[in-house]
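Chemist: Sending over a structure as structure tokens; questions will come in a sec.
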Amino acid sequence: MPTIARRVTTLKPSMTIAFMNRAKALQRAGKDVLSFAAGEPDFDTPQVVKDAATRALAAGMTKYMPTLGDPDARAAIAQKLTTENAIPNCTADHVAIGAGGKHQLYVALHCLLDPPPPGQAPQEVVLPVPAWVSYAPLSELAGGKVVEVPTTPASGFLATPEQIERAITPRSRILLLNSPSNPCGTMYPPDQLRAIARVVERAARTIAPDLVILSDEIYEKIAYAGIPHFSIGSVPEVAERTITLNGLSKAYAMTGWRIGYTGTSGDWGKKFIAAMGTLQGQISTNITSFTYPAIPVALRQCAPEVERMRLAFANRAKVINARLAAIPGLKTYPATGAFYAFPDVSAYFGKTTPAGTRIDTSLDFANALLDEALLAFVPGEDFGGCGCNHLRISFACSEDQINKGMDRFAAFLASLR
Ligand code: PMP
Ligand code: GLU
């Protein structure tokens, strides 16, 4: 049999996607699975957004478009990044639009990292962990080496500026940040991000001149504990070495549309976006043409819907935080942003389920929960660091489902011996 390229056979499959698909397959087979696996809002896309795309489709907007996006959509994103995120010197030429945040991450990483020449050490990606499952595999695929900065529930899952400073070496190429965080559900306070920006600025002047910040802000609109979202790319000293990643999936309930974007600043930013255009021009060209008119509509006309969804997530966070806190043996850190709870379940390791399965890891835990309790959570191993002691619970679902799920979870934990 012919072989398959090693770069793919050695690539870790996405654990979030794996559990999401398993839950969906069981549901299709008629099983009453309660899924908390997908990082996907349960709301529908706002009607005005759908209407904009439908109108464009009916009008025949079905042809190839400029690779990095329709100029009006790029301009709307640049305006949003300028006014809402305070990113300086950001025009339509500083914006790339691609097929989801994940695609933009792939393209950006490939425009930053070079595989090491033979005998040389790889470039490094400094990554506070636990972090979203796709960051490390995609960084490695592009030729980088991930340097984990460990965080814990006790530190509010936040890396300190000192930790980041210690992790930076002459080989550091990227500092990858994600606030609000998937899977931790926490946010960096603005002052901590300003302090981290100072560390990066100093390192770039001294030991790591090629260091850039990749700031994934896809959950920026889902914040509910009084911590304001802050874009590190707004700090003038690092603006031109910050790449801001975002998309419409989470804020506007548009996961299936596959619309992600990248924003930059200044001369280097414009050059970087042009490089993304070169790569995108060889791998995907533009996104679905008739979705472009939906972008300015989402960004400019949907504040009431975004607020309604934010308040719903805030209530759900309260419900799940309280339910988890009442379960013996779990260590939790209350979610303040995004829509994930991430309890430490390691107190239950070493126990056996009623069906006789021994639970030694978070993966064992998630498998047993799905098989025996029809509850889909994502195991924490692939989020890195202390994630191996945690389960990720996406609460982008109704309060009723959260309560039913927590009843099942508590009963399952109580049944372990
Ligand atoms: N970043 C983070 C942290 C995410 O959780 C996701 C979820 N898929 C993405 C980026 C990418 O989302 P999408 O590809 O749907 O834009
Ligand atoms: N980001 C979401 C999650 O973490 C969707 C799946 C994925 O792309 O990883 O569940």
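If you're wondering about the labels, chains in the structure tokens are A, B, ... by order shown, residues count from 1 in each chain, ligands from 1 in order shown.
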Within 12 Å of Lys271 in chain A, counting only C-alpha atoms, which residues qualify if same-chain residues fewer than 3 places away don't, as a short mmCIF file (atom, residue, chain, number, x, y, z; two decimals) with C-alpha atoms, in the first residue's frame?
Modeler:
```cif
data_model
loop_
_atom_site.label_atom_id
_atom_site.label_comp_id
_atom_site.auth_asym_id
_atom_site.auth_seq_id
_atom_site.Cartn_x
_atom_site.Cartn_y
_atom_site.Cartn_z
CA ASP A 93 -4.16 46.29 3.85
CA HIS A 94 -3.40 45.12 7.40
CA VAL A 95 -6.23 42.58 7.36
CA ALA A 96 -6.46 39.04 5.96
CA CYS A 111 4.44 32.80 7.49
CA LEU A 112 6.36 33.06 10.77
CA GLU A 240 4.06 46.37 14.96
CA ARG A 241 5.09 42.97 16.24
CA ILE A 243 -0.68 39.72 15.05
CA GLY A 263 -5.14 42.03 11.88
CA THR A 264 -1.77 43.75 12.06
CA SER A 265 -0.27 47.23 12.32
CA GLY A 266 2.28 49.46 10.57
CA ASP A 267 4.85 48.70 7.87
CA TRP A 268 5.81 45.24 9.05
CA ALA A 274 0.95 40.37 1.95
CA ALA A 275 2.95 37.23 2.81
CA MET A 276 -0.24 35.59 4.10
CA GLY A 277 -1.80 36.52 0.75
CA THR A 278 0.98 34.72 -1.12
#
```
Chemist: DSSP on the backbone: what in range 150-318 of chain A comes out alpha helix (DSSP H), as a count of residues only?
Modeler: 69
Chemist: Counting only C-alpha atoms and all ligand atoms, name the residues that have an atom within 8 Å of an atom of ligand 2; the answer should be given as a count of residues only.
Modeler: 16
Chemist: With only C-alpha atoms and all ligand atoms as the atoms that count, which of A:Arg310, A:His103, A:Arg417, A:Arg408 lies nearest to ligand 1?
Modeler: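 So, comparing all the options, the nearest one is A:His103.
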Chemist: Using only C-alpha atoms, which residue out of A:Ala52, A:Leu57, A:Ala159, A:Val33 lies closest to Gln301 in chain A?
Modeler: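 Nearest candidate to Gln301 in chain A out of A:Ala52, A:Leu57, A:Ala159, A:Val33: A:Ala52.
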Chemist: Which residues sit within 10 Å of ligand 1, counting only C-alpha atoms and all ligand atoms, listed as a ChimeraX atom specification?
Modeler: /A:16-17,38-40,98-105,131-135,177-183,215-219,245-250,253-261,338-340
Chemist: In Å, rounded to a single decimal, give me how far CA of Gly269 in chain A is from CA of Ser289 in chain A.
Modeler: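 Computing the Euclidean distance for CA of Ser289 in chain A and CA of Gly269 in chain A yields 24.8 Å.
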Chemist: Which residue is closest to Gln163 in chain A? Choose from A:Asn21, A:Thr361, A:Thr151, A:Asn367 and count only C-alpha atoms.
Modeler: A:Thr151
Chemist: Show me, as a ChimeraX atom specification, the residues that have an atom within 12 Å of Glu84 in chain A when counting only C-alpha atoms, minus same-chain residues fewer than 6 positions from it.
Modeler: /A:76-78,90,220-221,228-231,233-234,299-300
Chemist: Next, write the just-selected residues to a file, as a short mmCIF file (atom, residue, chain, number, x, y, z; two decimals), in the first residue's frame, keeping all heavy atoms as the atom set.
Modeler:
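Ended up saving to selection05.cif:
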```cif
data_model
loop_
_atom_site.label_atom_id
_atom_site.label_comp_id
_atom_site.auth_asym_id
_atom_site.auth_seq_id
_atom_site.Cartn_x
_atom_site.Cartn_y
_atom_site.Cartn_z
N ALA A 76 -14.03 47.01 6.84
CA ALA A 76 -14.89 46.96 8.03
C ALA A 76 -14.13 46.34 9.21
O ALA A 76 -14.26 46.79 10.36
CB ALA A 76 -16.16 46.16 7.73
N ILE A 77 -13.34 45.32 8.93
CA ILE A 77 -12.56 44.68 10.00
C ILE A 77 -11.48 45.65 10.51
O ILE A 77 -11.28 45.80 11.72
CB ILE A 77 -11.95 43.36 9.51
CG1 ILE A 77 -13.05 42.33 9.25
CG2 ILE A 77 -10.93 42.81 10.53
CD1 ILE A 77 -12.62 41.09 8.50
N ALA A 78 -10.82 46.35 9.58
CA ALA A 78 -9.79 47.31 9.98
C ALA A 78 -10.40 48.40 10.87
O ALA A 78 -9.83 48.79 11.89
CB ALA A 78 -9.14 47.94 8.75
N CYS A 90 -3.86 50.59 11.40
CA CYS A 90 -4.46 49.37 10.87
C CYS A 90 -5.45 49.75 9.78
O CYS A 90 -6.47 50.38 10.05
CB CYS A 90 -5.14 48.60 12.01
SG CYS A 90 -5.97 47.10 11.46
N GLU A 220 -13.36 37.38 22.46
CA GLU A 220 -13.34 38.71 23.09
C GLU A 220 -14.71 39.20 23.53
O GLU A 220 -14.82 39.91 24.53
CB GLU A 220 -12.71 39.76 22.14
CG GLU A 220 -13.58 40.09 20.97
CD GLU A 220 -13.13 41.33 20.18
OE1 GLU A 220 -12.61 42.27 20.77
OE2 GLU A 220 -13.35 41.33 18.96
N LYS A 221 -15.75 38.83 22.80
CA LYS A 221 -17.10 39.36 23.13
C LYS A 221 -17.75 38.59 24.27
O LYS A 221 -18.81 38.98 24.76
CB LYS A 221 -18.02 39.26 21.90
CG LYS A 221 -17.56 40.05 20.71
CD LYS A 221 -17.77 41.53 20.92
CE LYS A 221 -17.39 42.31 19.67
NZ LYS A 221 -17.23 43.73 19.95
N PRO A 228 -12.27 43.80 31.57
CA PRO A 228 -12.49 44.24 30.19
C PRO A 228 -11.55 43.51 29.25
O PRO A 228 -10.41 43.21 29.62
CB PRO A 228 -12.16 45.74 30.24
CG PRO A 228 -11.30 45.93 31.45
CD PRO A 228 -11.58 44.80 32.40
N HIS A 229 -12.04 43.22 28.04
CA HIS A 229 -11.14 42.62 27.06
C HIS A 229 -10.12 43.67 26.63
O HIS A 229 -10.47 44.81 26.37
CB HIS A 229 -11.91 42.12 25.84
CG HIS A 229 -10.99 41.63 24.77
ND1 HIS A 229 -10.32 40.42 24.87
CD2 HIS A 229 -10.56 42.20 23.62
CE1 HIS A 229 -9.55 40.27 23.81
NE2 HIS A 229 -9.66 41.33 23.04
N PHE A 230 -8.86 43.27 26.53
CA PHE A 230 -7.81 44.20 26.14
C PHE A 230 -6.97 43.56 25.05
O PHE A 230 -6.57 42.39 25.15
CB PHE A 230 -6.92 44.49 27.37
CG PHE A 230 -5.79 45.45 27.08
CD1 PHE A 230 -6.03 46.82 26.99
CD2 PHE A 230 -4.50 44.99 26.90
CE1 PHE A 230 -5.00 47.71 26.71
CE2 PHE A 230 -3.45 45.87 26.64
CZ PHE A 230 -3.71 47.24 26.54
N SER A 231 -6.72 44.31 23.97
CA SER A 231 -5.90 43.80 22.87
C SER A 231 -4.46 44.24 23.09
O SER A 231 -4.16 45.44 23.09
CB SER A 231 -6.40 44.35 21.54
OG SER A 231 -7.65 43.79 21.25
N GLY A 233 -2.18 44.15 21.09
CA GLY A 233 -1.73 44.85 19.89
C GLY A 233 -1.98 46.35 19.93
O GLY A 233 -1.54 47.08 19.05
N SER A 234 -2.68 46.83 20.97
CA SER A 234 -2.91 48.27 21.11
C SER A 234 -1.75 48.96 21.83
O SER A 234 -1.70 50.19 21.87
CB SER A 234 -4.21 48.52 21.87
OG SER A 234 -4.08 48.11 23.23
N LEU A 299 -20.35 42.91 12.06
CA LEU A 299 -19.50 43.79 12.89
C LEU A 299 -20.22 45.08 13.29
O LEU A 299 -19.96 45.64 14.35
CB LEU A 299 -18.19 44.12 12.16
CG LEU A 299 -17.27 42.93 11.87
CD1 LEU A 299 -16.02 43.41 11.13
CD2 LEU A 299 -16.85 42.20 13.15
N ARG A 300 -21.11 45.57 12.42
CA ARG A 300 -21.69 46.91 12.66
C ARG A 300 -23.12 46.89 13.15
O ARG A 300 -23.58 47.87 13.73
CB ARG A 300 -21.63 47.73 11.36
CG ARG A 300 -20.21 48.06 10.95
CD ARG A 300 -20.18 48.78 9.62
NE ARG A 300 -18.81 49.14 9.26
CZ ARG A 300 -18.39 49.30 8.02
NH1 ARG A 300 -19.24 49.18 7.01
NH2 ARG A 300 -17.13 49.63 7.77
#
```
Chemist: I need the residue nearest Leu34 in chain A from this list: A:Leu374, A:Ile295, A:Met406, A:Leu391. Use only C-alpha atoms for the distance.
Modeler: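 Nearest to Leu34 in chain A: A:Leu374.
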Chemist: Would you pick out the contacts of range 382-389 of chain A at 12 Å or less, using only C-alpha atoms, so that residues sharing its chain but fewer than 6 positions from it are not included, and give the list as number ranges by chain?
Modeler: A: 12-18, 127-137, 146-155, 157, 181-184, 330-332, 342-349, 359-366
Chemist: Find, counting only C-alpha atoms, the residue in A:Ala251, A:Thr288, A:Pro117, A:Arg173 that gets nearest to Cys302 in chain A.
Modeler: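 Checking each of A:Ala251, A:Thr288, A:Pro117, A:Arg173 against Cys302 in chain A, counting only C-alpha atoms, the winner is A:Ala251.
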Chemist: So, with only C-alpha atoms as the atoms that count, which of A:Pro296, A:Pro328, A:Gly350, A:Gly119 lies closest to Ala410 in chain A?
Modeler: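 Closest candidate: A:Pro328.
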